[in-house]
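Reproduced below: entry-v4.txt, with compact mmCIF, C-alpha atoms.
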```txt
# COMPACT_ATOMS: atom_id res chain seq x y z
CA MET A 6 138.33 58.47 99.33
CA LYS A 7 135.93 55.92 97.90
CA ARG A 8 133.46 56.35 95.05
CA ASP A 9 130.58 55.86 97.51
CA ASP A 10 131.78 58.90 99.48
CA VAL A 11 131.23 61.23 96.52
CA ILE A 12 127.91 63.09 96.58
CA ASP A 13 127.59 63.02 92.78
CA PRO A 14 129.30 60.00 91.11
CA ALA A 15 129.42 61.94 87.84
CA TRP A 16 132.37 63.83 89.33
CA TRP A 17 134.35 60.73 90.26
CA PHE A 18 137.69 59.71 88.75
CA ASP A 19 140.08 56.95 89.79
CA LEU A 20 143.12 58.25 91.64
CA PRO A 21 145.76 55.73 92.80
CA ALA A 22 147.26 56.55 96.19
CA GLU A 23 150.74 56.80 94.68
CA ARG A 24 149.64 59.82 92.62
CA ILE A 25 149.06 61.86 95.79
CA ALA A 26 152.11 64.01 96.56
CA ARG A 27 153.03 63.61 100.24
CA TYR A 28 156.06 65.88 99.94
CA PRO A 29 156.83 68.87 97.72
CA ALA A 30 159.16 68.60 94.75
CA SER A 31 162.83 69.23 95.53
CA ARG A 32 162.41 72.75 94.19
CA ARG A 33 159.26 74.75 93.52
CA SER A 34 160.42 75.23 89.94
CA ASP A 35 160.50 71.44 89.39
CA ALA A 36 156.70 71.17 89.25
CA ARG A 37 155.17 69.90 86.03
CA LEU A 38 152.53 71.91 84.21
CA MET A 39 149.66 70.47 82.20
CA HIS A 40 148.23 72.98 79.74
CA LEU A 41 144.60 72.44 78.77
CA PRO A 42 143.35 74.91 76.13
CA LEU A 43 140.00 76.46 76.95
CA VAL A 44 138.65 75.76 73.47
CA GLY A 45 139.43 72.41 71.86
CA GLY A 46 142.51 70.27 71.89
CA GLY A 47 143.96 67.86 74.40
CA PRO A 48 146.33 68.53 77.29
CA HIS A 49 150.01 69.30 76.73
CA ASP A 50 152.88 68.46 79.10
CA ARG A 51 155.03 71.39 80.12
CA GLY A 52 156.88 72.66 83.20
CA ILE A 53 155.94 75.45 85.60
CA SER A 54 159.07 77.36 84.56
CA GLU A 55 157.50 77.65 81.08
CA LEU A 56 154.49 79.57 82.37
CA PRO A 57 155.74 82.95 81.02
CA GLU A 58 155.50 81.56 77.46
CA PHE A 59 151.70 81.44 77.80
CA LEU A 60 151.26 85.03 78.98
CA GLY A 61 151.87 88.43 77.44
CA PRO A 62 152.19 92.12 78.36
CA ASP A 63 148.44 92.73 78.26
CA ASP A 64 147.70 89.96 80.79
CA LEU A 65 147.09 90.24 84.51
CA LEU A 66 147.93 87.50 87.02
CA VAL A 67 145.83 87.67 90.19
CA VAL A 68 147.12 85.85 93.26
CA ASN A 69 145.81 85.14 96.76
CA ASP A 70 148.25 86.69 99.25
CA SER A 71 146.80 85.04 102.37
CA ARG A 72 149.38 83.58 104.76
CA VAL A 73 148.94 80.14 106.30
CA VAL A 74 148.91 80.22 110.09
CA ALA A 75 149.91 77.43 112.47
CA ALA A 76 146.25 76.92 113.25
CA ARG A 77 146.36 73.44 114.80
CA LEU A 78 146.36 73.72 118.59
CA ALA A 79 146.45 71.07 121.34
CA ALA A 80 144.14 71.66 124.31
CA ARG A 81 142.65 69.81 127.27
CA ARG A 82 139.22 69.80 128.84
CA ALA A 83 138.78 70.24 132.59
CA THR A 84 138.52 66.43 132.83
CA GLY A 85 141.96 66.08 131.24
CA GLY A 86 140.60 64.83 127.93
CA LYS A 87 142.55 65.89 124.83
CA VAL A 88 141.00 68.26 122.29
CA GLU A 89 142.47 69.42 118.99
CA LEU A 90 141.42 72.82 117.72
CA LEU A 91 141.93 73.96 114.15
CA LEU A 92 141.33 77.70 114.25
CA LEU A 93 139.41 79.06 111.26
CA GLY A 94 139.97 82.73 112.07
CA VAL A 95 142.50 85.06 113.65
CA GLY A 96 140.22 87.30 115.72
CA PRO A 97 139.94 89.65 117.44
CA GLY A 98 137.12 88.19 119.51
CA PRO A 99 135.62 84.70 119.20
CA VAL A 100 136.75 82.58 116.27
CA GLU A 101 135.42 79.39 114.73
CA ALA A 102 137.44 76.23 115.19
CA LEU A 103 137.14 72.70 113.92
CA ALA A 104 137.24 70.64 117.13
CA ARG A 105 138.10 66.97 117.60
CA PRO A 106 136.22 65.66 119.45
CA ALA A 107 133.50 68.28 119.32
CA LYS A 108 130.38 66.57 120.67
CA LYS A 109 131.46 66.76 124.32
CA LEU A 110 132.16 70.48 124.24
CA ARG A 111 129.55 72.71 125.86
CA GLN A 112 129.11 76.47 125.87
CA GLY A 113 131.14 77.88 128.75
CA ASP A 114 133.68 75.06 128.82
CA VAL A 115 137.22 76.33 129.38
CA LEU A 116 139.96 74.50 127.54
CA THR A 117 143.58 74.74 128.66
CA LEU A 118 146.43 75.18 126.19
CA GLU A 119 150.14 75.67 126.82
CA GLN A 120 151.78 78.68 128.50
CA GLY A 121 148.69 79.57 130.53
CA VAL A 122 146.47 80.16 127.50
CA THR A 123 142.79 79.22 127.74
CA ALA A 124 140.02 78.89 125.16
CA THR A 125 136.43 79.37 126.25
CA VAL A 126 133.72 77.69 124.17
CA THR A 127 131.27 80.43 123.21
CA ARG A 128 129.16 78.32 120.82
CA GLU A 129 128.61 74.59 120.74
CA ALA A 130 129.42 72.43 117.75
CA ARG A 131 127.70 72.74 114.39
CA ALA A 132 128.97 70.07 112.01
CA GLY A 133 132.10 69.76 114.14
CA VAL A 134 132.79 73.50 114.26
CA VAL A 135 132.68 75.33 117.59
CA GLU A 136 133.33 78.95 118.46
CA VAL A 137 136.02 79.75 121.00
CA GLU A 138 137.50 82.87 122.55
CA LEU A 139 141.18 82.70 123.45
CA SER A 140 142.62 84.47 126.46
CA HIS A 141 145.53 85.72 124.33
CA ASP A 142 145.79 87.04 120.78
CA PRO A 143 145.10 84.08 118.44
CA ILE A 144 147.94 84.96 116.06
CA ASP A 145 150.44 85.08 118.95
CA VAL A 146 149.15 81.76 120.30
CA MET A 147 149.47 80.09 116.91
CA GLU A 148 152.98 81.44 116.38
CA GLN A 149 154.12 80.23 119.80
CA GLN A 150 152.48 76.80 120.05
CA GLY A 151 150.56 75.98 116.89
CA ALA A 152 151.29 73.38 114.23
CA LEU A 153 150.72 73.79 110.51
CA PRO A 154 147.36 72.36 109.40
CA LEU A 155 148.80 69.97 106.83
CA PRO A 156 146.09 68.16 104.84
CA PRO A 157 145.16 64.77 106.36
CA TYR A 158 145.88 62.92 103.12
CA LEU A 159 149.59 63.66 103.56
CA ASN A 160 149.38 61.17 106.43
CA ARG A 161 152.40 62.56 108.25
CA PRO A 162 153.27 65.15 110.90
CA GLU A 163 154.72 68.55 110.09
CA GLU A 164 158.40 68.54 109.15
CA PRO A 165 160.82 71.51 109.20
CA THR A 166 160.67 72.03 105.43
CA ASP A 167 156.89 72.49 105.56
CA ARG A 168 157.24 75.86 107.30
CA GLU A 169 158.73 77.23 104.09
CA ARG A 170 157.18 75.09 101.38
CA TYR A 171 153.57 75.17 102.62
CA GLN A 172 153.57 78.95 102.12
CA THR A 173 153.64 81.10 99.00
CA VAL A 174 156.60 83.40 98.49
CA TYR A 175 154.24 86.39 98.30
CA ALA A 176 152.09 85.58 101.37
CA GLN A 177 151.28 88.68 103.42
CA HIS A 178 148.07 88.55 105.45
CA PRO A 179 147.84 85.79 108.10
CA GLY A 180 144.59 83.89 108.33
CA SER A 181 144.50 80.71 106.20
CA ALA A 182 143.98 77.27 107.73
CA ALA A 183 145.30 75.70 104.50
CA ALA A 184 147.58 76.93 101.75
CA PRO A 185 146.26 78.46 98.52
CA THR A 186 148.21 75.71 96.82
CA ALA A 187 148.43 76.92 93.22
CA GLY A 188 150.66 79.72 94.45
CA LEU A 189 153.16 77.29 95.99
CA HIS A 190 154.78 76.84 92.56
CA PHE A 191 155.98 80.42 92.27
CA THR A 192 159.55 81.46 92.97
CA GLU A 193 161.08 84.93 92.87
CA PRO A 194 162.89 84.11 89.58
CA LEU A 195 159.59 82.95 88.02
CA LEU A 196 157.84 86.12 89.14
CA GLU A 197 160.71 88.15 87.69
CA ALA A 198 160.45 86.26 84.39
CA LEU A 199 156.74 87.03 84.23
CA ALA A 200 157.40 90.70 84.98
CA ALA A 201 160.04 90.76 82.24
CA ARG A 202 157.34 89.59 79.81
CA GLY A 203 155.24 92.56 80.89
CA VAL A 204 152.75 90.43 82.82
CA ARG A 205 151.22 92.45 85.64
CA ARG A 206 150.27 91.09 89.04
CA ALA A 207 147.48 91.98 91.46
CA GLN A 208 146.34 90.56 94.77
CA VAL A 209 143.21 89.40 96.52
CA THR A 210 143.06 87.92 100.00
CA LEU A 211 140.96 84.88 100.83
CA HIS A 212 141.61 83.12 104.11
CA VAL A 213 141.25 79.46 103.27
CA GLY A 214 138.98 77.51 105.60
CA LEU A 215 136.48 74.68 105.49
CA GLY A 216 134.58 75.97 102.47
CA THR A 217 137.38 75.24 100.04
CA PHE A 218 138.62 71.83 101.12
CA ARG A 219 135.90 70.03 103.08
CA PRO A 220 134.20 67.23 101.12
CA LEU A 221 130.83 68.23 99.75
CA ARG A 222 127.77 67.38 101.84
CA PRO A 223 124.18 66.93 100.63
CA GLU A 224 123.20 70.15 102.37
CA ASP A 225 125.84 72.06 100.38
CA ILE A 226 124.24 70.88 97.13
CA GLU A 227 120.73 71.69 98.36
CA ARG A 228 121.73 75.12 99.63
CA GLY A 229 123.97 75.92 96.67
CA SER A 230 126.65 77.43 98.91
CA LEU A 231 129.75 76.46 100.87
CA HIS A 232 131.04 77.26 104.33
CA ALA A 233 131.81 80.98 104.28
CA GLU A 234 135.40 82.21 103.96
CA TRP A 235 136.59 85.79 104.46
CA ARG A 236 137.97 87.56 101.39
CA GLU A 237 138.97 91.01 100.21
CA VAL A 238 139.15 92.35 96.67
CA PRO A 239 140.95 95.70 97.03
CA GLN A 240 140.32 98.74 94.87
CA ALA A 241 143.84 98.51 93.42
CA THR A 242 143.02 95.08 92.02
CA VAL A 243 139.70 96.30 90.62
CA ASP A 244 141.59 99.12 88.88
CA ALA A 245 144.17 96.68 87.50
CA ILE A 246 141.42 94.46 86.08
CA ALA A 247 139.70 97.46 84.50
CA GLU A 248 142.98 98.47 82.87
CA THR A 249 143.49 94.90 81.64
CA ARG A 250 140.02 94.89 80.08
CA ALA A 251 140.75 98.23 78.39
CA ARG A 252 143.96 96.79 76.88
CA GLY A 253 142.19 93.67 75.68
CA GLY A 254 144.22 91.50 78.05
CA ARG A 255 143.24 88.45 80.07
CA VAL A 256 142.65 88.02 83.80
CA ILE A 257 144.32 84.80 84.93
CA ALA A 258 143.56 83.62 88.44
CA VAL A 259 146.15 81.73 90.46
CA GLY A 260 144.12 79.16 92.38
CA THR A 261 140.47 78.42 93.02
CA THR A 262 140.46 80.73 96.05
CA THR A 263 141.32 83.64 93.77
CA VAL A 264 138.49 82.62 91.44
CA ARG A 265 136.01 82.54 94.33
CA SER A 266 137.17 85.97 95.47
CA LEU A 267 136.86 87.60 92.04
CA GLU A 268 133.64 85.91 90.93
CA SER A 269 131.87 86.61 94.22
CA ALA A 270 132.67 90.30 93.78
CA THR A 271 131.54 90.50 90.12
CA ALA A 272 127.88 91.23 89.44
CA PRO A 273 125.88 89.31 86.79
CA GLY A 274 126.57 90.78 83.37
CA ALA A 275 129.72 92.55 84.57
CA ARG A 276 133.35 91.74 83.71
CA ILE A 277 134.99 93.87 86.40
CA PRO A 278 134.53 93.17 90.14
CA THR A 279 133.61 95.68 92.81
CA ALA A 280 136.01 96.35 95.67
CA THR A 281 134.71 94.38 98.62
CA ARG A 282 135.70 92.69 101.87
CA GLY A 283 133.81 90.18 103.98
CA PRO A 284 132.62 86.56 103.84
CA THR A 285 131.71 84.65 100.70
CA ASP A 286 129.99 81.28 100.46
CA ILE A 287 129.88 81.16 96.66
CA PHE A 288 129.65 77.66 95.16
CA LEU A 289 130.72 77.62 91.49
CA GLN A 290 129.68 74.67 89.36
CA PRO A 291 128.62 74.14 85.73
CA PRO A 292 126.85 75.64 83.88
CA TYR A 293 128.16 78.77 85.63
CA ALA A 294 130.04 81.02 83.19
CA MET A 295 132.98 82.97 84.59
CA ARG A 296 132.37 86.72 84.70
CA CYS A 297 135.78 88.08 85.62
CA VAL A 298 138.24 85.20 85.20
CA ASP A 299 139.60 84.34 81.72
CA GLY A 300 142.05 81.62 82.72
CA LEU A 301 143.23 79.63 85.71
CA LEU A 302 146.40 78.13 87.13
CA THR A 303 145.48 75.46 89.67
CA ASN A 304 146.53 72.15 91.19
CA PHE A 305 144.86 68.78 90.66
CA HIS A 306 141.98 68.30 93.08
CA LEU A 307 140.00 65.70 94.99
CA PRO A 308 137.41 63.56 93.15
CA GLY A 309 133.89 64.87 93.63
CA SER A 310 135.04 68.08 95.32
CA SER A 311 133.70 71.59 94.91
CA LEU A 312 137.12 72.53 93.50
CA VAL A 313 136.81 70.09 90.59
CA MET A 314 133.36 71.53 89.88
CA LEU A 315 134.73 75.08 89.93
CA VAL A 316 137.50 74.24 87.46
CA ALA A 317 134.99 72.53 85.17
CA CYS A 318 133.19 75.86 84.75
CA LEU A 319 136.02 76.77 82.36
CA VAL A 320 136.14 73.65 80.17
CA GLY A 321 133.17 71.45 81.10
CA ARG A 322 132.98 68.29 83.17
CA GLU A 323 133.84 65.76 80.45
CA ARG A 324 136.94 67.60 79.18
CA LEU A 325 138.22 68.21 82.68
CA LEU A 326 137.78 64.65 83.89
CA SER A 327 139.36 63.38 80.66
CA ALA A 328 142.36 65.61 81.35
CA TYR A 329 142.50 64.32 84.94
CA THR A 330 142.53 60.73 83.69
CA THR A 331 145.37 61.66 81.35
CA ALA A 332 147.22 63.32 84.24
CA VAL A 333 146.97 60.12 86.27
CA SER A 334 148.29 58.02 83.39
CA ARG A 335 151.17 60.45 82.76
CA GLY A 336 152.30 60.43 86.38
CA TYR A 337 151.27 63.91 87.47
CA ARG A 338 151.32 64.53 91.21
CA PHE A 339 148.02 65.50 92.84
CA TYR A 340 146.79 67.81 95.62
CA SER A 341 148.55 70.44 97.73
CA TYR A 342 152.15 69.49 97.03
CA GLY A 343 151.41 68.25 93.53
CA ASP A 344 151.84 69.59 90.02
CA ALA A 345 149.97 72.40 88.27
CA MET A 346 147.36 72.74 85.55
CA LEU A 347 146.89 75.78 83.32
CA LEU A 348 143.49 76.31 81.74
CA LEU A 349 143.97 79.08 79.20
```

Just give me the structure of the file as structure tokens.
Amino acid sequence: MKRDDVIDPAWWFDLPAERIARYPASRRSDARLMHLPLVGGGPHDRGISELPEFLGPDDLLVVNDSRVVAARLAARRATGGKVELLLLGVGPGPVEALARPAKKLRQGDVLTLEQGVTATVTREARAGVVEVELSHDPIDVMEQQGALPLPPYLNRPEEPTDRERYQTVYAQHPGSAAAPTAGLHFTEPLLEALAARGVRRAQVTLHVGLGTFRPLRPEDIERGSLHAEWREVPQATVDAIAETRARGGRVIAVGTTTVRSLESATAPGARIPTATRGPTDIFLQPPYAMRCVDGLLTNFHLPGSSLVMLVACLVGRERLLSAYTTAVSRGYRFYSYGDAMLLL
């Protein structure tokens, strides 16, 4: 990405290509952890295995338990032309899909996939996104012939290790077109160490789609919202947050998708969300003040992205970008397979 590609240059920082992690660390537990205090002080270099030292028995860790699906599908038009579909939903019924190329697709076109599967275009392209209805269950089709939707900046095809490493160990509900990457650092031993400290865990589900990772467009800024993504905040998580508030503990979100889920379900002036399920297009940027979330574990994000803006709601733009510059100079690894940052 170039500086000229960023909608607001104030959110730009220099990121050398070699700082982008194209492969995961040898082990999940090898990830580095930069701790940035919410109030004052510079960043500290730690390791992800040290995370339990920052949390206590009154704290609640909230994770996104969405499962990445093999959403990238190869198809052909009736003319024989190749089309790539990146499904942004799991059905039932028509689902949105990022299509390449999309301009030639017309409503009613029938695309042919493998094993006799077809995809009928039910809505023509809007910003590269069409709507299609598959002849077979989308989840079954993805499991049988789909490829993982690895981020384009990895600049490589899927490899066998990605099937395990581009998935959190606690993933349950299939539906994400990209991994909720902050959760990739967790291992069963780390979760056990957190539990031994008395740290509780709760879940939300947000199926990651275009809204989280697509570069910002002028219309996003004007509208003040992102492409909608489906999320659920269950009653059990609401109850866990209420109990945490009653104990005086902190609600720490794992990943920006968890933040979007919780904040979109929390009314102005409230500190506890309402149980809810459905789409959210919330766009969090300064001077927004978090209502539900007290801290955040996240990865290092793309310059000028909505994710950088979301994280800055906790510490401000200048402090965050200063920490990012420090991360670059100290050799931290960026993006999906990169290192972690704790804002607490």

For this session: Could you give me, as a list of chain:residue names, the residues within 7 Å of stretch 149-156 of chain A, counting only C-alpha atoms and dropping anything in the same chain fewer than 2 positions from it?
Result: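 Answer for this query is A:Val74, A:Ala75, A:Ala76, A:Arg77, A:Leu78, A:Asp145, A:Val146, A:Met147, A:Tyr158, A:Leu159, A:Glu163, A:Ala182, A:Ala183.
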
For this session: Rank nothing, just name the residue among A:Thr127, A:Phe288, A:Ala272, A:Leu92 nearest to A:Glu227, using all atoms listed in the file.
Result: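 Among the listed residues, A:Phe288 lies closest to A:Glu227.
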
For this session: Check the smallest atom-to-atom distance from each of A:Ser71, A:Ala15, A:Gly133, A:Ser31 to A:Met314 using all atoms listed in the file, then report the winner.
Result: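 For A:Met314, the nearest of the candidates is A:Ala15.
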
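Residue nearest A:Glu136, chosen from A:Ala198, A:Ala258, A:Leu38, A:Val115 and counting only C-alpha atoms: A:Val115.
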
Exercise. Which residue gives the smallest distance to A:Ala187 among A:Thr173, A:Ser327, A:Thr125, A:Gln120, with only C-alpha atoms counted?
Worked result: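 For A:Ala187, the nearest of the candidates is A:Thr173.
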
Seminar exercise, completed: note - atom CA of A:Tyr342 and atom CA of A:Ile53 are separated by 13.4 Å

For this session: Could you please determine the separation between atom CA of A:Arg27 and atom CA of A:Arg170 in Å, to one decimal place?
Result: 12.3 Å

Exercise. For A:Ala130, which of A:Leu267, A:Ile25, A:Leu211, A:Ala107 is the closest residue, counting only C-alpha atoms?
Worked result: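 When distances to A:Ala130 are compared using only C-alpha atoms, the smallest one comes from A:Ala107.
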
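Proximity of A:Ala317, A:Leu231, A:Ala79, A:Ala275 to A:Glu119, computed with all atoms listed in the file, is greatest for A:Ala79.
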
Taking the partial coordinates given, rebuild stretch 10-33 of chain A to contain N, CA, C and O atoms; return it as a compact mmCIF listing (two decimals), keeping the file's coordinate frame.
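Printed below is rebuild.txt as written:
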```
# COMPACT_ATOMS: atom_id res chain seq x y z
N ASP A 10 131.72 57.70 98.65
CA ASP A 10 131.78 58.90 99.48
C ASP A 10 131.46 60.16 98.69
O ASP A 10 131.26 61.23 99.27
N VAL A 11 131.46 60.07 97.37
CA VAL A 11 131.23 61.23 96.52
C VAL A 11 129.73 61.49 96.38
O VAL A 11 128.96 60.57 96.09
N ILE A 12 129.33 62.74 96.62
CA ILE A 12 127.91 63.09 96.58
C ILE A 12 127.32 62.83 95.20
O ILE A 12 126.24 62.28 95.06
N ASP A 13 128.05 63.21 94.14
CA ASP A 13 127.59 63.02 92.78
C ASP A 13 128.62 62.16 92.03
O ASP A 13 129.71 62.65 91.70
N PRO A 14 128.33 60.89 91.78
CA PRO A 14 129.30 60.00 91.11
C PRO A 14 129.76 60.49 89.75
O PRO A 14 130.80 60.05 89.25
N ALA A 15 129.01 61.41 89.14
CA ALA A 15 129.42 61.94 87.84
C ALA A 15 130.75 62.68 87.93
O ALA A 15 131.40 62.91 86.91
N TRP A 16 131.14 63.08 89.14
CA TRP A 16 132.37 63.83 89.33
C TRP A 16 133.50 62.95 89.86
O TRP A 16 134.52 63.44 90.32
N TRP A 17 133.33 61.65 89.77
CA TRP A 17 134.35 60.73 90.26
C TRP A 17 135.40 60.44 89.20
O TRP A 17 135.11 60.39 88.01
N PHE A 18 136.65 60.26 89.62
CA PHE A 18 137.69 59.71 88.75
C PHE A 18 138.61 58.87 89.64
O PHE A 18 138.75 59.11 90.84
N ASP A 19 139.20 57.85 89.03
CA ASP A 19 140.08 56.95 89.79
C ASP A 19 141.43 57.61 90.02
O ASP A 19 142.08 58.07 89.07
N LEU A 20 141.85 57.63 91.28
CA LEU A 20 143.12 58.25 91.64
C LEU A 20 143.91 57.29 92.53
O LEU A 20 143.62 57.16 93.72
N PRO A 21 144.93 56.62 91.98
CA PRO A 21 145.76 55.73 92.80
C PRO A 21 146.47 56.50 93.90
O PRO A 21 146.85 57.68 93.72
N ALA A 22 146.64 55.88 95.04
CA ALA A 22 147.26 56.55 96.19
C ALA A 22 148.66 57.07 95.86
O ALA A 22 149.07 58.12 96.39
N GLU A 23 149.38 56.37 94.98
CA GLU A 23 150.74 56.80 94.68
C GLU A 23 150.80 58.10 93.88
O GLU A 23 151.86 58.69 93.74
N ARG A 24 149.66 58.56 93.36
CA ARG A 24 149.64 59.82 92.62
C ARG A 24 149.48 61.03 93.56
O ARG A 24 149.58 62.16 93.12
N ILE A 25 149.22 60.78 94.82
CA ILE A 25 149.06 61.86 95.79
C ILE A 25 150.43 62.26 96.32
O ILE A 25 151.17 61.44 96.87
N ALA A 26 150.80 63.52 96.15
CA ALA A 26 152.11 64.01 96.56
C ALA A 26 152.13 64.23 98.08
O ALA A 26 151.44 65.10 98.58
N ARG A 27 152.93 63.46 98.79
CA ARG A 27 153.03 63.61 100.24
C ARG A 27 154.11 64.60 100.62
O ARG A 27 154.13 65.09 101.76
N TYR A 28 155.00 64.91 99.71
CA TYR A 28 156.06 65.88 99.94
C TYR A 28 156.17 66.78 98.71
O TYR A 28 155.82 66.37 97.59
N PRO A 29 156.65 68.00 98.89
CA PRO A 29 156.83 68.87 97.72
C PRO A 29 157.99 68.40 96.86
O PRO A 29 158.84 67.61 97.29
N ALA A 30 158.01 68.86 95.61
CA ALA A 30 159.16 68.60 94.75
C ALA A 30 160.42 69.21 95.37
O ALA A 30 160.34 70.09 96.24
N SER A 31 161.57 68.74 94.96
CA SER A 31 162.83 69.23 95.53
C SER A 31 162.92 70.75 95.47
O SER A 31 163.37 71.40 96.41
N ARG A 32 162.46 71.30 94.36
CA ARG A 32 162.41 72.75 94.19
C ARG A 32 161.03 73.12 93.66
O ARG A 32 160.41 72.36 92.91
N ARG A 33 160.56 74.29 94.02
CA ARG A 33 159.26 74.75 93.52
C ARG A 33 159.24 74.75 91.99
O ARG A 33 158.23 74.42 91.37
```
